[in-house]
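Reproduced below: query.txt, with compact mmCIF, C-alpha atoms.
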# COMPACT_ATOMS: atom_id res chain seq x y z
CA MET A 1 -36.50 -34.94 73.56
CA GLU A 2 -38.13 -32.24 75.68
CA SER A 3 -35.72 -32.81 78.56
CA THR A 4 -32.78 -32.64 76.15
CA VAL A 5 -33.94 -29.32 74.75
CA ASP A 6 -34.54 -27.96 78.23
CA GLY A 7 -31.02 -28.99 79.17
CA LEU A 8 -29.59 -26.84 76.40
CA GLY A 9 -31.36 -23.65 77.41
CA PHE A 10 -29.89 -20.41 78.67
CA ALA A 11 -30.93 -21.20 82.25
CA HIS A 12 -28.92 -24.40 82.07
CA PHE A 13 -25.97 -22.40 80.79
CA LEU A 14 -26.17 -19.98 83.72
CA THR A 15 -26.28 -22.76 86.28
CA HIS A 16 -23.21 -24.52 84.84
CA VAL A 17 -20.95 -21.54 84.06
CA ASP A 18 -17.88 -21.25 86.32
CA GLY A 19 -16.28 -18.22 87.94
CA VAL A 20 -14.41 -17.09 84.85
CA GLY A 21 -17.56 -17.41 82.77
CA LYS A 22 -19.53 -15.39 85.31
CA THR A 23 -16.85 -12.69 85.19
CA VAL A 24 -17.13 -12.56 81.40
CA LEU A 25 -20.91 -12.33 81.67
CA ALA A 26 -20.62 -9.54 84.24
CA LEU A 27 -18.28 -7.57 81.96
CA LEU A 28 -20.61 -7.98 78.99
CA LEU A 29 -23.60 -6.96 81.10
CA LEU A 30 -21.73 -3.88 82.35
CA LEU A 31 -20.76 -2.85 78.82
CA SER A 32 -24.30 -3.44 77.59
CA VAL A 33 -25.90 -1.35 80.35
CA ALA A 34 -23.38 1.46 79.85
CA SER A 35 -23.86 1.39 76.08
CA TRP A 36 -27.64 1.51 76.18
CA TYR A 37 -27.60 4.22 78.84
CA LEU A 38 -25.39 6.36 76.62
CA ILE A 39 -27.41 5.55 73.51
CA VAL A 40 -30.62 6.72 75.15
CA THR A 41 -29.21 9.76 76.96
CA ARG A 42 -27.06 10.99 74.06
CA THR A 43 -29.90 10.56 71.59
CA LEU A 44 -32.19 12.63 73.80
CA ALA A 45 -29.49 15.25 74.46
CA ASN A 46 -28.68 15.59 70.77
CA TRP A 47 -32.35 15.94 69.87
CA LEU A 48 -32.88 18.63 72.50
CA ALA A 49 -29.71 20.47 71.43
CA GLY A 50 -30.81 20.50 67.80
CA ARG A 51 -34.32 21.64 68.69
CA ARG A 52 -33.12 24.47 70.94
CA ALA A 53 -30.57 25.57 68.36
CA ALA A 54 -33.25 25.68 65.66
CA VAL A 55 -35.48 27.86 67.85
CA PHE A 56 -32.63 30.20 68.73
CA GLU A 57 -31.44 30.44 65.13
CA ALA A 58 -34.95 31.36 64.00
CA ARG A 59 -34.96 34.19 66.53
CA PHE A 60 -31.51 35.25 65.38
CA ARG A 61 -32.62 35.37 61.74
CA ALA A 62 -35.66 37.41 62.71
CA THR A 63 -33.78 40.07 64.70
CA HIS A 64 -30.11 40.07 63.67
CA ALA A 65 -29.68 42.34 66.69
CA LEU A 66 -27.52 40.31 69.06
CA ASP A 67 -28.21 42.51 72.09
CA GLU A 68 -31.93 41.70 71.86
CA LEU A 69 -31.34 37.95 72.17
CA ALA A 70 -31.72 36.72 75.72
CA PRO A 71 -28.76 34.54 76.80
CA GLU A 72 -29.53 30.81 77.02
CA THR A 73 -27.07 28.63 78.88
CA ASP A 74 -28.42 25.39 77.37
CA ASN A 75 -28.01 26.50 73.77
CA ALA A 76 -24.81 26.01 71.76
CA LEU A 77 -25.58 28.84 69.32
CA SER A 78 -26.46 31.16 72.18
CA ALA A 79 -23.12 30.33 73.77
CA LEU A 80 -21.39 31.47 70.60
CA VAL A 81 -23.35 34.71 70.64
CA SER A 82 -22.49 35.29 74.31
CA GLU A 83 -18.82 34.65 73.60
CA ALA A 84 -18.85 37.02 70.65
CA LEU A 85 -20.60 39.79 72.61
CA GLY A 86 -18.16 39.33 75.47
CA VAL A 87 -15.24 39.84 73.12
CA GLN A 88 -16.94 42.86 71.57
CA GLN A 89 -17.47 44.49 74.96
CA ALA A 90 -13.96 43.69 76.16
CA LEU A 91 -12.31 45.11 73.04
CA ALA A 92 -14.49 48.14 72.46
CA GLY A 93 -12.45 50.69 70.56
CA ARG A 94 -9.56 48.29 69.90
CA ALA A 95 -9.92 47.41 66.26
CA ALA A 96 -6.37 46.14 65.81
CA ASP A 97 -6.73 42.73 67.48
CA PHE A 98 -10.51 42.37 67.47
CA GLY A 99 -10.68 39.81 64.68
CA GLU A 100 -7.97 37.60 66.18
CA VAL A 101 -9.47 37.61 69.66
CA LEU A 102 -12.98 37.02 68.32
CA THR A 103 -11.79 34.08 66.23
CA ARG A 104 -10.02 32.56 69.21
CA GLY A 105 -13.05 33.03 71.45
CA LEU A 106 -15.45 31.46 68.95
CA ASN A 107 -13.10 28.52 68.39
CA ASN A 108 -12.85 27.96 72.14
CA ALA A 109 -16.65 28.00 72.44
CA ILE A 110 -16.95 25.48 69.61
CA ASP A 111 -14.32 23.25 71.23
CA ARG A 112 -16.23 23.28 74.52
CA GLU A 113 -19.46 22.33 72.78
CA MET A 114 -17.80 19.50 70.85
CA THR A 115 -16.29 18.18 74.06
CA ARG A 116 -19.79 17.96 75.50
CA ALA A 117 -21.11 16.39 72.29
CA GLU A 118 -18.44 13.67 72.36
CA HIS A 119 -19.18 12.68 75.95
CA GLY A 120 -19.55 8.90 76.24
CA LEU A 121 -18.31 8.03 72.77
CA THR A 122 -15.17 6.44 74.22
CA VAL A 123 -17.33 4.01 76.17
CA LEU A 124 -19.30 3.11 73.04
CA ALA A 125 -16.09 2.61 71.08
CA THR A 126 -14.69 0.41 73.85
CA ALA A 127 -17.86 -1.67 74.01
CA GLY A 128 -17.96 -2.06 70.24
CA SER A 129 -14.35 -3.16 69.97
CA ALA A 130 -13.86 -5.13 73.19
CA ALA A 131 -17.18 -6.98 73.61
CA PRO A 132 -16.62 -9.48 70.74
CA TYR A 133 -13.21 -10.42 72.14
CA ILE A 134 -14.57 -10.74 75.66
CA GLY A 135 -17.30 -13.02 74.32
CA LEU A 136 -14.74 -14.99 72.30
CA PHE A 137 -12.63 -15.47 75.40
CA GLY A 138 -15.69 -16.84 77.18
CA THR A 139 -16.30 -19.17 74.24
CA VAL A 140 -12.74 -20.49 74.27
CA TRP A 141 -12.88 -20.98 78.02
CA GLY A 142 -16.20 -22.78 77.80
CA ILE A 143 -15.01 -25.06 75.00
CA TYR A 144 -11.89 -25.88 76.99
CA HIS A 145 -13.98 -26.97 79.95
CA ALA A 146 -16.34 -28.87 77.65
CA LEU A 147 -13.44 -30.80 76.15
CA VAL A 148 -12.08 -31.54 79.62
CA ARG A 149 -15.44 -32.94 80.71
CA ILE A 150 -15.77 -34.96 77.52
CA GLY A 151 -12.27 -36.37 78.00
CA MET A 152 -12.99 -37.31 81.59
CA SER A 153 -16.26 -39.02 80.67
CA GLY A 154 -14.72 -40.76 77.69
CA GLN A 155 -17.82 -40.07 75.59
CA GLY A 156 -17.55 -37.84 72.53
CA THR A 157 -20.88 -38.50 70.92
CA LEU A 158 -22.99 -35.68 69.46
CA ASP A 159 -25.42 -35.58 72.36
CA LYS A 160 -22.51 -35.14 74.76
CA VAL A 161 -20.75 -32.46 72.68
CA ALA A 162 -23.69 -30.38 71.50
CA GLY A 163 -24.72 -29.11 74.92
CA PRO A 164 -21.34 -27.90 76.27
CA VAL A 165 -20.21 -26.46 72.95
CA GLY A 166 -23.57 -24.74 72.42
CA GLU A 167 -23.35 -23.21 75.87
CA ALA A 168 -19.84 -21.95 75.11
CA LEU A 169 -20.96 -20.37 71.84
CA ILE A 170 -23.57 -18.38 73.76
CA MET A 171 -20.66 -16.22 74.91
CA THR A 172 -19.86 -15.25 71.33
CA ALA A 173 -23.50 -14.41 70.68
CA LEU A 174 -23.65 -12.25 73.81
CA GLY A 175 -20.47 -10.43 72.82
CA LEU A 176 -21.92 -9.62 69.41
CA ALA A 177 -25.23 -8.57 70.97
CA VAL A 178 -23.34 -6.02 73.06
CA ALA A 179 -20.97 -4.86 70.30
CA ILE A 180 -23.36 -4.35 67.37
CA PRO A 181 -25.62 -1.68 68.98
CA ALA A 182 -22.56 0.09 70.39
CA VAL A 183 -20.84 0.24 66.98
CA LEU A 184 -23.99 1.42 65.19
CA ALA A 185 -24.62 4.09 67.82
CA TYR A 186 -20.98 5.23 67.77
CA ASN A 187 -21.03 5.68 64.00
CA ALA A 188 -24.37 7.51 64.15
CA PHE A 189 -23.15 9.88 66.87
CA GLN A 190 -19.90 10.52 65.03
CA ARG A 191 -21.83 11.46 61.90
CA ARG A 192 -24.14 13.72 63.92
CA ASN A 193 -21.17 15.41 65.57
CA ARG A 194 -19.54 16.12 62.20
CA MET A 195 -22.75 17.75 61.00
CA TRP A 196 -23.10 19.61 64.30
CA LEU A 197 -19.54 20.92 64.02
CA ASN A 198 -20.22 22.17 60.50
CA ARG A 199 -23.34 23.94 61.74
CA LEU A 200 -21.50 25.61 64.61
CA GLU A 201 -18.63 26.70 62.39
CA SER A 202 -21.04 28.14 59.83
CA PHE A 203 -22.90 30.08 62.51
CA ALA A 204 -19.62 31.26 64.06
CA HIS A 205 -18.41 32.47 60.67
CA GLU A 206 -21.63 34.44 60.21
CA LEU A 207 -21.21 35.96 63.68
CA TYR A 208 -17.64 36.89 62.90
CA LEU A 209 -18.60 38.71 59.72
CA LEU A 210 -21.49 40.51 61.43
CA LEU A 211 -19.46 41.74 64.40
CA ALA A 212 -16.37 42.52 62.38
CA VAL A 213 -18.37 44.86 60.17
CA GLU A 214 -20.04 46.51 63.18
CA HIS A 215 -16.73 46.88 64.97
CA GLY A 216 -15.07 48.35 61.93
CA GLN A 217 -17.86 50.86 61.48
CA GLY A 218 -17.62 51.89 65.11
Can the structure from this file be put into structure tokens for me?
Amino acid sequence: MESTVDGLGFAHFLTHVDGVGKTVLALLLLLSVASWYLIVTRTLANWLAGRRAAVFEARFRATHALDELAPETDNALSALVSEALGVQQALAGRAADFGEVLTRGLNNAIDREMTRAEHGLTVLATAGSAAPYIGLFGTVWGIYHALVRIGMSGQGTLDKVAGPVGEALIMTALGLAVAIPAVLAYNAFQRRNRMWLNRLESFAHELYLLLAVEHGQG
């Protein structure tokens, strides 16, 4: 019994998989590594972005004097302030088109930040959608070869079928193991980006009102 169980292990599967199976495994491994790299790096980047934005926003609430805020290149809210001040300086004394240009500049700054925030999500979406099918292809290919071997041996008993079919089904399990974390991470990042966009738009709207009043008074 012990030798039978050992013969059904993952090591046995790796030693008996053919070239197509190895290609499927390589694709799944590549998707898994890429997914987990993005999960870790994007989680860290999002946490740092939120933390820096909170610190900058606290300073903004305390001063409300934009010129006193030191520019920070790694801060999304600071980038909005820099964009707004740039428009204000460029259009000093031109009240007619100030609001339109300021709105366009703030929207462009938000679009740039969202492009950075969405980096890597395509890879996660691809891994989440493609990995199960890649694993299923490996399963079908493995079952095909298992049936061929069973037909050649002429023995279709349970002990002859369980091993090859079990090894083939490993492909499905591996595909799901790659896809599930990628899908969960993709949905979590999408939700975070929607909340992040709302935060940026709210801050940009506040900037617009503040500078529009100042510009009108000037």
Nearest to Ile134 of chain A, chosen from A:Ser32, A:Thr122, A:Thr172, A:Asn193, with only C-alpha atoms counted in the distances: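 Among the listed residues, A:Thr172 lies closest to Ile134 of chain A.
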Just the number, please: distance in Å from atom CA of Leu77 of chain A to atom CA of Arg52 of chain A, one decimal. 8.9 Å
Smallest atom-to-atom distance to Phe137 of chain A: which of A:Leu106, A:Ala84, A:Met171, A:Met152, using all atoms listed in the file?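 Going through A:Leu106, A:Ala84, A:Met171, A:Met152 one by one, the smallest distance to Phe137 of chain A is for A:Met171.
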Pick from A:Val178, A:Ala212, A:Gly138, A:Val81: nearest to Leu31 of chain A, with all atoms listed in the file counted?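 Checking each of A:Val178, A:Ala212, A:Gly138, A:Val81 against Leu31 of chain A, counting all atoms listed in the file, the winner is A:Val178.
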Which residues, written as a PyMOL selection string, have at least one atom at most 8 Å from Leu176 of chain A, with all atoms listed in the file counted and residues fewer than 2 positions away on the same chain left out? chain A and resi 131-132+135+172-174+178-180
Could those selected residues go to a file with C-alpha atoms, as a PDB file, in the coordinates of the input?
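Produced file part32.pdb, reproduced below:
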ATOM      1  CA  ALA A 131     -17.180  -6.980  73.610  1.00  0.00           C
ATOM      2  CA  PRO A 132     -16.620  -9.480  70.740  1.00  0.00           C
ATOM      3  CA  GLY A 135     -17.300 -13.020  74.320  1.00  0.00           C
ATOM      4  CA  THR A 172     -19.860 -15.250  71.330  1.00  0.00           C
ATOM      5  CA  ALA A 173     -23.500 -14.410  70.680  1.00  0.00           C
ATOM      6  CA  LEU A 174     -23.650 -12.250  73.810  1.00  0.00           C
ATOM      7  CA  VAL A 178     -23.340  -6.020  73.060  1.00  0.00           C
ATOM      8  CA  ALA A 179     -20.970  -4.860  70.300  1.00  0.00           C
ATOM      9  CA  ILE A 180     -23.360  -4.350  67.370  1.00  0.00           C
TER      10      ILE A 180
END
Of the residues A:Val20, A:Ala53, A:Ala90, A:Ala58, which is the one nearest to His145 of chain A, using all atoms listed in the file?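 Between A:Val20, A:Ala53, A:Ala90, A:Ala58, the residue approaching His145 of chain A most closely is A:Val20.
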Between A:Met114, A:Ala109, A:Leu169, A:Val87, which one has atoms that come closest to Val140 of chain A, using all atoms listed in the file?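 Among A:Met114, A:Ala109, A:Leu169, A:Val87, it is A:Leu169 that comes nearest to Val140 of chain A.
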Pairwise distance for atom CA of Val40 of chain A and atom CA of Leu124 of chain A, rounded to one decimal in Å: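 Rounded to one decimal, the two atoms are 12.1 Å apart.
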Residue with smallest distance to Val33 of chain A - pool A:Arg149, A:Asn198, A:Ala177, A:Gln88, counting only C-alpha atoms: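 Answer, going by the shortest atom-to-atom distance: A:Ala177.
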